[in-house]
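Novice: What follows is start_37.cif, made up of mmCIF, C-alpha atoms:
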```
data_target
#
loop_
_atom_site.label_atom_id
_atom_site.label_comp_id
_atom_site.auth_asym_id
_atom_site.auth_seq_id
_atom_site.Cartn_x
_atom_site.Cartn_y
_atom_site.Cartn_z
CA MET A 1 7.20 -6.77 26.43
CA GLU A 2 8.52 -3.39 27.58
CA LEU A 3 8.77 -2.22 23.97
CA ILE A 4 5.16 -3.28 23.28
CA MET A 5 3.88 -1.47 26.38
CA LYS A 6 5.68 1.74 25.39
CA ILE A 7 4.19 1.58 21.90
CA LEU A 8 0.67 0.97 23.25
CA ASN A 9 1.00 3.77 25.79
CA SER A 10 2.18 6.21 23.13
CA PHE A 11 -0.68 5.17 20.84
CA SER A 12 -3.39 5.32 23.54
CA ALA A 13 -2.22 8.73 24.78
CA ARG A 14 -2.79 10.19 21.34
CA LEU A 15 -6.15 8.44 20.84
CA ASN A 16 -7.48 10.00 24.05
CA LYS A 17 -7.52 13.35 22.24
CA MET A 18 -9.57 12.06 19.31
CA PRO A 19 -13.32 12.81 18.82
CA ARG A 20 -15.61 10.12 20.21
CA ALA A 21 -17.95 10.07 17.18
CA ALA A 22 -15.08 9.16 14.87
CA LEU A 23 -13.72 6.58 17.31
CA ILE A 24 -17.19 4.99 17.66
CA THR A 25 -17.59 4.81 13.88
CA ILE A 26 -14.15 3.30 13.42
CA GLY A 27 -14.68 0.96 16.39
CA LEU A 28 -17.93 -0.30 14.85
CA PHE A 29 -16.18 -0.80 11.51
CA VAL A 30 -13.35 -2.73 13.17
CA ALA A 31 -15.78 -4.82 15.26
CA LEU A 32 -17.87 -5.75 12.22
CA GLY A 33 -14.76 -6.54 10.24
CA THR A 34 -13.23 -8.66 12.99
CA PHE A 35 -16.33 -10.66 13.93
CA ALA A 36 -18.08 -10.60 10.55
CA PRO A 37 -18.48 -14.41 10.23
CA TRP A 38 -20.40 -14.48 13.54
CA PHE A 39 -22.56 -11.42 12.75
CA ALA A 40 -23.60 -12.45 9.24
CA PRO A 41 -26.99 -14.21 9.48
CA GLN A 42 -26.65 -16.02 6.14
CA ASP A 43 -24.07 -17.26 3.69
CA PRO A 44 -23.09 -14.13 1.69
CA SER A 45 -22.33 -16.19 -1.42
CA ALA A 46 -25.49 -18.33 -1.42
CA GLN A 47 -27.58 -17.55 -4.51
CA ASN A 48 -31.36 -17.86 -4.81
CA LEU A 49 -32.64 -16.52 -8.12
CA LEU A 50 -36.24 -16.96 -6.99
CA GLU A 51 -35.65 -14.19 -4.41
CA ALA A 52 -33.48 -11.95 -6.57
CA GLY A 53 -33.96 -8.25 -5.90
CA VAL A 54 -36.54 -8.60 -3.11
CA GLY A 55 -36.86 -5.83 -0.53
CA PRO A 56 -36.24 -5.98 3.21
CA SER A 57 -38.06 -8.75 5.08
CA GLY A 58 -37.73 -10.94 8.15
CA ALA A 59 -35.55 -13.40 6.24
CA HIS A 60 -33.45 -10.71 4.55
CA TRP A 61 -33.15 -7.58 6.72
CA LEU A 62 -31.81 -5.39 3.89
CA GLY A 63 -33.21 -7.40 1.00
CA THR A 64 -31.26 -9.31 -1.63
CA ASP A 65 -29.16 -8.43 -4.66
CA HIS A 66 -29.68 -9.34 -8.32
CA LEU A 67 -28.57 -12.93 -7.64
CA GLY A 68 -30.68 -13.42 -4.52
CA ARG A 69 -27.76 -13.09 -2.09
CA ASP A 70 -28.44 -11.57 1.34
CA THR A 71 -27.40 -7.90 1.23
CA PHE A 72 -26.94 -7.51 4.99
CA SER A 73 -24.58 -10.48 5.18
CA ARG A 74 -22.62 -9.26 2.19
CA LEU A 75 -22.23 -5.78 3.69
CA ILE A 76 -20.86 -7.24 6.93
CA ILE A 77 -18.46 -9.62 5.20
CA ALA A 78 -17.39 -6.73 2.95
CA ALA A 79 -16.40 -4.83 6.11
CA ASN A 80 -14.15 -7.76 7.00
CA THR A 81 -12.68 -7.79 3.48
CA SER A 82 -11.99 -4.04 3.59
CA LEU A 83 -10.57 -4.20 7.12
CA VAL A 84 -8.12 -6.98 6.24
CA SER A 85 -7.13 -5.25 3.01
CA VAL A 86 -6.61 -1.84 4.61
CA GLY A 87 -4.82 -3.37 7.60
CA SER A 88 -2.47 -5.33 5.34
CA VAL A 89 -1.71 -2.28 3.19
CA LEU A 90 -1.00 -0.02 6.16
CA ALA A 91 1.02 -2.68 8.03
CA ILE A 92 3.35 -3.24 5.07
CA ALA A 93 3.59 0.49 4.30
CA MET A 94 4.29 1.36 7.97
CA THR A 95 6.97 -1.32 8.25
CA ILE A 96 8.86 0.03 5.24
CA GLY A 97 8.24 3.69 6.09
CA ILE A 98 9.13 3.47 9.79
CA ALA A 99 12.30 1.51 9.07
CA MET A 100 13.54 4.08 6.55
CA GLY A 101 12.28 7.11 8.50
CA THR A 102 13.82 6.13 11.84
CA ILE A 103 17.14 5.20 10.25
CA ALA A 104 17.21 8.56 8.47
CA GLY A 105 16.23 10.45 11.63
CA TYR A 106 18.78 8.63 13.75
CA HIS A 107 21.82 8.88 11.49
CA ARG A 108 21.06 12.16 9.69
CA GLY A 109 23.80 13.35 7.30
CA TRP A 110 24.17 11.62 3.94
CA VAL A 111 22.04 8.65 5.04
CA ASP A 112 19.16 11.04 5.71
CA ASP A 113 19.66 12.80 2.38
CA VAL A 114 19.66 9.59 0.32
CA LEU A 115 16.65 8.00 2.04
CA MET A 116 14.57 11.19 1.97
CA ARG A 117 15.24 11.70 -1.73
CA VAL A 118 13.80 8.22 -2.32
CA VAL A 119 10.78 9.24 -0.23
CA ASP A 120 10.42 12.48 -2.21
CA VAL A 121 10.32 10.52 -5.47
CA GLY A 122 7.56 8.31 -4.05
CA LEU A 123 5.58 11.33 -2.82
CA SER A 124 5.86 13.11 -6.18
CA ILE A 125 3.85 10.39 -7.95
CA PRO A 126 0.11 10.03 -7.17
CA SER A 127 -0.50 6.89 -5.13
CA LEU A 128 -3.22 5.55 -7.42
CA ILE A 129 -0.91 5.90 -10.44
CA ILE A 130 1.74 3.79 -8.68
CA ALA A 131 -0.86 1.17 -7.76
CA LEU A 132 -2.23 1.03 -11.30
CA ALA A 133 1.28 0.72 -12.73
CA VAL A 134 2.16 -2.21 -10.43
CA ILE A 135 -1.14 -3.98 -11.14
CA GLY A 136 -0.66 -3.39 -14.85
CA ILE A 137 2.75 -5.09 -14.72
CA VAL A 138 1.90 -7.98 -12.37
CA GLY A 139 -1.81 -8.43 -13.11
CA PRO A 140 -4.99 -8.02 -11.02
CA GLY A 141 -5.50 -9.95 -7.80
CA TYR A 142 -5.96 -9.51 -4.08
CA TRP A 143 -2.33 -9.64 -2.93
CA THR A 144 -1.19 -7.74 -6.01
CA MET A 145 -3.57 -4.96 -4.98
CA VAL A 146 -2.29 -5.03 -1.39
CA MET A 147 1.36 -4.83 -2.41
CA ALA A 148 0.63 -2.15 -5.03
CA LEU A 149 -1.14 0.08 -2.51
CA ALA A 150 1.57 -0.55 0.11
CA LEU A 151 4.24 0.56 -2.35
CA ALA A 152 2.17 3.67 -3.02
CA TRP A 153 1.56 4.42 0.69
CA TRP A 154 4.92 3.86 2.40
CA PRO A 155 6.57 7.21 1.44
CA MET A 156 4.13 9.16 3.63
CA SER A 157 4.87 6.88 6.59
CA GLY A 158 8.57 7.36 5.93
CA ARG A 159 8.27 11.15 5.89
CA ILE A 160 6.20 11.26 9.10
CA SER A 161 8.40 8.77 10.96
CA ARG A 162 11.52 10.70 9.99
CA ALA A 163 10.03 13.95 11.35
CA VAL A 164 9.01 12.23 14.61
CA ALA A 165 12.41 10.55 14.90
CA VAL A 166 14.26 13.85 14.48
CA SER A 167 12.05 15.40 17.17
CA ILE A 168 12.73 12.54 19.58
CA MET A 169 16.48 12.55 18.93
CA SER A 170 16.66 16.27 19.75
CA LYS A 171 15.13 15.86 23.21
CA PRO A 172 17.36 16.37 26.27
CA HIS A 173 16.97 12.87 27.68
CA ILE A 174 18.40 11.36 24.46
CA GLU A 175 21.46 13.58 24.77
CA ALA A 176 21.74 12.57 28.42
CA LEU A 177 21.62 8.88 27.48
CA ARG A 178 24.38 9.40 24.93
CA VAL A 179 26.57 11.22 27.44
CA LEU A 180 26.03 8.42 29.95
CA GLY A 181 27.21 5.88 27.37
CA ALA A 182 23.94 4.22 26.35
CA SER A 183 24.40 2.01 23.30
CA PRO A 184 22.87 3.02 19.94
CA TRP A 185 20.73 -0.15 20.00
CA ARG A 186 19.24 0.82 23.38
CA ILE A 187 18.48 4.36 22.23
CA TYR A 188 16.93 3.11 18.99
CA PHE A 189 14.78 0.26 20.31
CA ASN A 190 13.90 1.60 23.79
CA HIS A 191 13.31 5.27 23.00
CA LEU A 192 13.25 6.14 19.31
CA LEU A 193 11.27 3.25 17.85
CA PRO A 194 8.39 3.12 20.42
CA GLY A 195 7.69 6.85 20.21
CA THR A 196 7.86 6.83 16.42
CA ILE A 197 5.59 3.80 15.97
CA GLY A 198 2.98 5.25 18.33
CA ALA A 199 2.81 8.53 16.41
CA VAL A 200 2.81 6.92 12.96
CA MET A 201 0.08 4.46 13.98
CA VAL A 202 -2.24 7.36 14.77
CA TYR A 203 -1.51 9.02 11.41
CA ALA A 204 -1.99 5.66 9.67
CA THR A 205 -5.36 5.26 11.41
CA ALA A 206 -6.40 8.64 10.03
CA ASP A 207 -5.13 7.63 6.57
CA ALA A 208 -7.07 4.36 6.60
CA GLY A 209 -10.15 6.05 5.10
CA VAL A 210 -8.22 6.97 1.95
CA ALA A 211 -6.80 3.44 1.83
CA ALA A 212 -10.33 1.96 2.13
CA LEU A 213 -11.47 4.22 -0.70
CA ALA A 214 -8.49 3.14 -2.82
CA VAL A 215 -9.32 -0.54 -2.22
CA ALA A 216 -12.93 0.10 -3.26
CA THR A 217 -11.79 2.06 -6.33
CA LEU A 218 -9.51 -0.71 -7.57
CA SER A 219 -12.22 -3.32 -6.95
CA PHE A 220 -14.73 -1.10 -8.77
CA LEU A 221 -12.35 -1.04 -11.76
CA GLY A 222 -11.98 -4.84 -11.61
CA LEU A 223 -8.30 -4.62 -10.62
CA GLY A 224 -8.57 -5.49 -6.92
CA ILE A 225 -10.73 -7.95 -5.02
CA GLN A 226 -12.41 -10.31 -7.45
CA PRO A 227 -15.97 -11.72 -7.23
CA PRO A 228 -17.63 -13.56 -5.58
CA THR A 229 -15.76 -12.14 -2.52
CA PRO A 230 -18.00 -9.41 -1.04
CA GLU A 231 -16.40 -5.96 -1.13
CA TRP A 232 -18.11 -2.57 -1.14
CA GLY A 233 -16.55 -1.39 -4.42
CA GLN A 234 -17.33 -4.72 -6.07
CA MET A 235 -20.93 -4.55 -4.79
CA LEU A 236 -21.28 -1.08 -6.31
CA VAL A 237 -20.13 -2.12 -9.76
CA ASP A 238 -22.34 -5.23 -9.67
CA ALA A 239 -25.40 -3.13 -8.75
CA LEU A 240 -24.90 -0.33 -11.30
CA PRO A 241 -27.04 -2.00 -14.02
CA TYR A 242 -29.94 -2.08 -11.54
CA LEU A 243 -29.57 1.53 -10.34
CA GLU A 244 -32.93 2.72 -11.70
CA ALA A 245 -34.91 -0.45 -10.95
CA ASP A 246 -33.51 -1.07 -7.46
CA PRO A 247 -31.32 1.82 -6.17
CA ARG A 248 -31.13 0.14 -2.77
CA GLN A 249 -28.42 -2.19 -4.09
CA VAL A 250 -26.21 0.83 -4.89
CA ILE A 251 -27.12 3.04 -1.93
CA LEU A 252 -26.37 0.53 0.86
CA PRO A 253 -22.74 -0.32 -0.01
CA GLY A 254 -22.20 3.34 -0.88
CA LEU A 255 -23.43 4.41 2.56
CA ALA A 256 -21.25 1.81 4.28
CA LEU A 257 -18.14 2.99 2.42
CA THR A 258 -19.03 6.65 3.01
CA ALA A 259 -19.48 6.13 6.76
CA ALA A 260 -16.10 4.41 7.07
CA VAL A 261 -14.29 7.09 5.05
CA ILE A 262 -15.97 9.97 6.94
CA GLY A 263 -15.05 8.38 10.27
CA PHE A 264 -11.40 8.05 9.34
CA ASN A 265 -11.29 11.51 7.75
CA THR A 266 -12.81 13.07 10.89
CA LEU A 267 -10.08 11.38 12.87
CA GLY A 268 -7.47 12.80 10.51
CA GLU A 269 -8.90 16.30 10.85
CA SER A 270 -8.77 16.01 14.64
CA ILE A 271 -5.12 14.93 14.44
CA ALA A 272 -4.30 17.98 12.30
CA LEU A 273 -6.04 20.31 14.77
CA ASN A 274 -4.22 18.72 17.70
CA ARG A 275 -0.92 19.68 16.08
CA ILE A 276 -1.71 23.38 16.60
CA PRO A 277 0.12 24.70 19.70
CA LYS A 278 -2.16 25.50 22.64
CA PRO A 279 -1.55 27.40 25.90
CA LEU A 280 -0.21 25.22 28.70
CA THR A 281 -2.74 24.43 31.43
CA ARG A 282 -1.96 23.36 34.98
CA ARG A 283 -2.75 19.76 34.08
CA MET A 284 -0.38 19.91 31.13
CA LEU A 285 2.36 21.42 33.28
CA ALA A 286 1.91 18.64 35.83
CA ALA A 287 2.17 16.06 33.04
CA ARG A 288 5.36 17.71 31.78
CA ARG A 289 6.87 17.53 35.27
CA ILE A 290 6.05 13.83 35.46
CA GLU A 291 7.61 13.30 32.01
CA VAL A 292 10.80 15.13 33.01
CA ALA A 293 10.97 13.10 36.23
CA GLY A 294 10.72 9.93 34.14
CA TRP A 295 13.60 11.07 31.92
CA ALA A 296 15.73 11.77 34.98
CA LYS A 297 14.98 8.31 36.39
CA GLU A 298 15.92 6.66 33.07
CA SER A 299 19.20 8.61 33.02
CA ILE A 300 20.03 7.51 36.59
CA ASP A 301 19.15 3.88 35.78
CA ALA A 302 21.33 4.00 32.67
CA LYS A 303 24.21 5.32 34.72
#
```
Once more with this new file: its structure as structure tokens, please.
Specialist:
Amino acid sequence: MELIMKILNSFSARLNKMPRAALITIGLFVALGTFAPWFAPQDPSAQNLLEAGVGPSGAHWLGTDHLGRDTFSRLIIAANTSLVSVGSVLAIAMTIGIAMGTIAGYHRGWVDDVLMRVVDVGLSIPSLIIALAVIGIVGPGYWTMVMALALAWWPMSGRISRAVAVSIMSKPHIEALRVLGASPWRIYFNHLLPGTIGAVMVYATADAGVAALAVATLSFLGLGIQPPTPEWGQMLVDALPYLEADPRQVILPGLALTAAVIGFNTLGESIALNRIPKPLTRRMLAARRIEVAGWAKESIDAK
């Protein structure tokens, strides 16, 4: 429980500095994705060819597609599909990346050199190329797509977590804990891992827009999520033959995907700007004093 609270506190402290517009957009995306079955007014897979391609009405708020399926319901369920896909990709990639990055940052030396060379090889190859290669070997499918994108995404998490781990290990309170005889397990799980996970989770949140776009791209190419499961990329490719006759079918899923990607990219830009050093204010100095007092208390408790 203490480990979970430290991770959540580290994550929330960083989110407090993020722009509200991006957080609202992402929050809406997450809410729609989480509660999609309750928000969708109709069955997204129910076909009615007699109402194919009709415009917005009381029965169908955003009209229907070429098979008479409710567009609004499909857009909402597609948010759930994208959320689960992106969450699965980032969770697997973060697990691999954080494990390798923290081990490298903790041990340094030859362990660091070997693990980081593996990360460098992964970073040298475009992520979409890795995903396409894995799917080409295994075959298209939902979980194949998730694993392929996770294998393409984990090197960045590994590089970031290693940098954060090295920064944490160089702080004075870690040296104090070592001098006082704290065990490596305590340093790793109580201090190194919570701080690293909190930082990497924020970067992963910013990277989720690119992951959502990659999921849509693979589905658009027919290599990811397969029909009839609603997904924004799949909805785009299904609607392309009707672009001139009914552009609404292309514009709506395109707008939904664009809004999600812009929200996550705005968050990523804010994270990059927050990395620029700024002059210390009185409030920041007070926070530093509180942080130092906490380190001193931990050192006394460890003793």
Novice: Would you mind listing what lies within 10 Å of Ala216 in chain A as a list in words, with all atoms listed in the file counted and same-chain residues fewer than 2 positions away left out?
Specialist: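 Near Ala216 in chain A, the qualifying residues are Ser82, Val210, Ala211, Ala212, Leu213, Ala214, Leu218, Ser219, Phe220, Leu221, Gly222, Leu223, Gly224, Ile225, Glu231, Trp232, Gly233, Gln234, Met235, Leu236, Val237 and Leu257 of chain A.
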Novice: Between A:Ala165, A:Ala286, A:Leu240, A:Ala152, single out the one closest to Val134 in chain A, counting all atoms listed in the file.
Specialist: A:Ala152
Novice: Would you work out the distance separating CA of Leu149 in chain A from CA of Pro44 in chain A, expressed in Å to one decimal?
Specialist: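 Distance reported for this atom pair: 26.5 Å.
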Novice: In Å, how far is it from CA of Ile197 in chain A to CA of Asn80 in chain A?
Specialist: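 So the answer is 24.6 Å.
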Novice: Find, counting only C-alpha atoms, the residue in A:Leu32, A:Ala287, A:Ala150, A:Met169 that gets nearest to Leu193 in chain A.
Specialist: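 Of A:Leu32, A:Ala287, A:Ala150, A:Met169, the one nearest Leu193 in chain A is A:Met169, counting only C-alpha atoms.
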Novice: A:Ile76, A:Tyr106, A:Met156, A:Gly198: which is nearest Val118 in chain A, counting all atoms listed in the file?
Specialist: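 With all atoms listed in the file as the atom set, the closest residue is A:Met156.
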Novice: Extract, using all atoms listed in the file, all DNA, RNA and protein residues at most 9 Å from Leu252 in chain A, discarding same-chain residues fewer than 3 positions from it, and format them as a list in words.
Specialist: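 My reading of the contact set: Leu62, Thr71, Leu75, Leu236, Pro247, Arg248, Gln249, Leu255, Ala256 and Leu257 of chain A.
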Novice: Val119 in chain A: which residues within 10 Å, counting all atoms listed in the file, same-chain residues fewer than 4 positions away excluded, as a list in words?
Specialist: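 In the requested format, the answer is Gly97, Met100, Gly101, Asp113, Val114, Leu115, Leu123, Ser124, Trp154, Pro155, Met156, Ser157, Gly158 and Arg159 of chain A.
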Novice: For the structure shown, which residues end up in the PyMOL selection byres ((chain A and resi 102) around 12)? Put them as an MDAnalysis selection string, please?
Specialist: chainID A and resid 94:101 103:108 111:112 115:116 157:169 187:189 191:197 200
Novice: Using the selection just defined, write its residues with C-alpha atoms as a compact mmCIF listing (two decimals), in the coordinates of the input.
Specialist:
```txt
# COMPACT_ATOMS: atom_id res chain seq x y z
CA MET A 94 4.29 1.36 7.97
CA THR A 95 6.97 -1.32 8.25
CA ILE A 96 8.86 0.03 5.24
CA GLY A 97 8.24 3.69 6.09
CA ILE A 98 9.13 3.47 9.79
CA ALA A 99 12.30 1.51 9.07
CA MET A 100 13.54 4.08 6.55
CA GLY A 101 12.28 7.11 8.50
CA ILE A 103 17.14 5.20 10.25
CA ALA A 104 17.21 8.56 8.47
CA GLY A 105 16.23 10.45 11.63
CA TYR A 106 18.78 8.63 13.75
CA HIS A 107 21.82 8.88 11.49
CA ARG A 108 21.06 12.16 9.69
CA VAL A 111 22.04 8.65 5.04
CA ASP A 112 19.16 11.04 5.71
CA LEU A 115 16.65 8.00 2.04
CA MET A 116 14.57 11.19 1.97
CA SER A 157 4.87 6.88 6.59
CA GLY A 158 8.57 7.36 5.93
CA ARG A 159 8.27 11.15 5.89
CA ILE A 160 6.20 11.26 9.10
CA SER A 161 8.40 8.77 10.96
CA ARG A 162 11.52 10.70 9.99
CA ALA A 163 10.03 13.95 11.35
CA VAL A 164 9.01 12.23 14.61
CA ALA A 165 12.41 10.55 14.90
CA VAL A 166 14.26 13.85 14.48
CA SER A 167 12.05 15.40 17.17
CA ILE A 168 12.73 12.54 19.58
CA MET A 169 16.48 12.55 18.93
CA ILE A 187 18.48 4.36 22.23
CA TYR A 188 16.93 3.11 18.99
CA PHE A 189 14.78 0.26 20.31
CA HIS A 191 13.31 5.27 23.00
CA LEU A 192 13.25 6.14 19.31
CA LEU A 193 11.27 3.25 17.85
CA PRO A 194 8.39 3.12 20.42
CA GLY A 195 7.69 6.85 20.21
CA THR A 196 7.86 6.83 16.42
CA ILE A 197 5.59 3.80 15.97
CA VAL A 200 2.81 6.92 12.96
```
Novice: Which polymer residues, protein or nucleic acid, are no farther than 12 Å from (1.2, -6.3, -5.8), counting all atoms listed in the file, as a PyMOL selection string?
Specialist: chain A and resi 88-89+92+130-152+223-224
Novice: Using the chain letters and numbers from this file, what does the PyMOL selection byres ((chain A and resi 206) around 6) select? Give the answer as a PyMOL selection string.
Specialist: chain A and resi 203-205+207-208+264+267-268
Novice: Pick out the residues sitting within 12 Å of Leu28 in chain A, and hand them over as number ranges by chain; count all atoms listed in the file, and ignore anything fewer than 2 positions along from it in its own chain.
Specialist: A: 20-26, 30-36, 76, 79-80, 83, 256, 259-260, 263-264
Novice: For the selection just defined, write its residues with C-alpha atoms to a file, as a PDB file, in the frame of the given file.
Specialist:
```pdb
ATOM      1  CA  ARG A  20     -15.610  10.120  20.210  1.00  0.00           C
ATOM      2  CA  ALA A  21     -17.950  10.070  17.180  1.00  0.00           C
ATOM      3  CA  ALA A  22     -15.080   9.160  14.870  1.00  0.00           C
ATOM      4  CA  LEU A  23     -13.720   6.580  17.310  1.00  0.00           C
ATOM      5  CA  ILE A  24     -17.190   4.990  17.660  1.00  0.00           C
ATOM      6  CA  THR A  25     -17.590   4.810  13.880  1.00  0.00           C
ATOM      7  CA  ILE A  26     -14.150   3.300  13.420  1.00  0.00           C
ATOM      8  CA  VAL A  30     -13.350  -2.730  13.170  1.00  0.00           C
ATOM      9  CA  ALA A  31     -15.780  -4.820  15.260  1.00  0.00           C
ATOM     10  CA  LEU A  32     -17.870  -5.750  12.220  1.00  0.00           C
ATOM     11  CA  GLY A  33     -14.760  -6.540  10.240  1.00  0.00           C
ATOM     12  CA  THR A  34     -13.230  -8.660  12.990  1.00  0.00           C
ATOM     13  CA  PHE A  35     -16.330 -10.660  13.930  1.00  0.00           C
ATOM     14  CA  ALA A  36     -18.080 -10.600  10.550  1.00  0.00           C
ATOM     15  CA  ILE A  76     -20.860  -7.240   6.930  1.00  0.00           C
ATOM     16  CA  ALA A  79     -16.400  -4.830   6.110  1.00  0.00           C
ATOM     17  CA  ASN A  80     -14.150  -7.760   7.000  1.00  0.00           C
ATOM     18  CA  LEU A  83     -10.570  -4.200   7.120  1.00  0.00           C
ATOM     19  CA  ALA A 256     -21.250   1.810   4.280  1.00  0.00           C
ATOM     20  CA  ALA A 259     -19.480   6.130   6.760  1.00  0.00           C
ATOM     21  CA  ALA A 260     -16.100   4.410   7.070  1.00  0.00           C
ATOM     22  CA  GLY A 263     -15.050   8.380  10.270  1.00  0.00           C
ATOM     23  CA  PHE A 264     -11.400   8.050   9.340  1.00  0.00           C
TER      24      PHE A 264
END
```
Novice: Find the distance between CA of Ser73 in chain A and CA of Leu50 in chain A and write it in Å to one decimal.
Specialist: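 CA of Leu50 in chain A lies 18.1 Å from CA of Ser73 in chain A.
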Novice: Taking (-36.4, -14.2, 1.0) in the file's coordinates, which residues come within 10 Å, counting all atoms listed in the file, written as a ChimeraX atom specification?
Specialist: /A:48,50-61,63-64,68-70
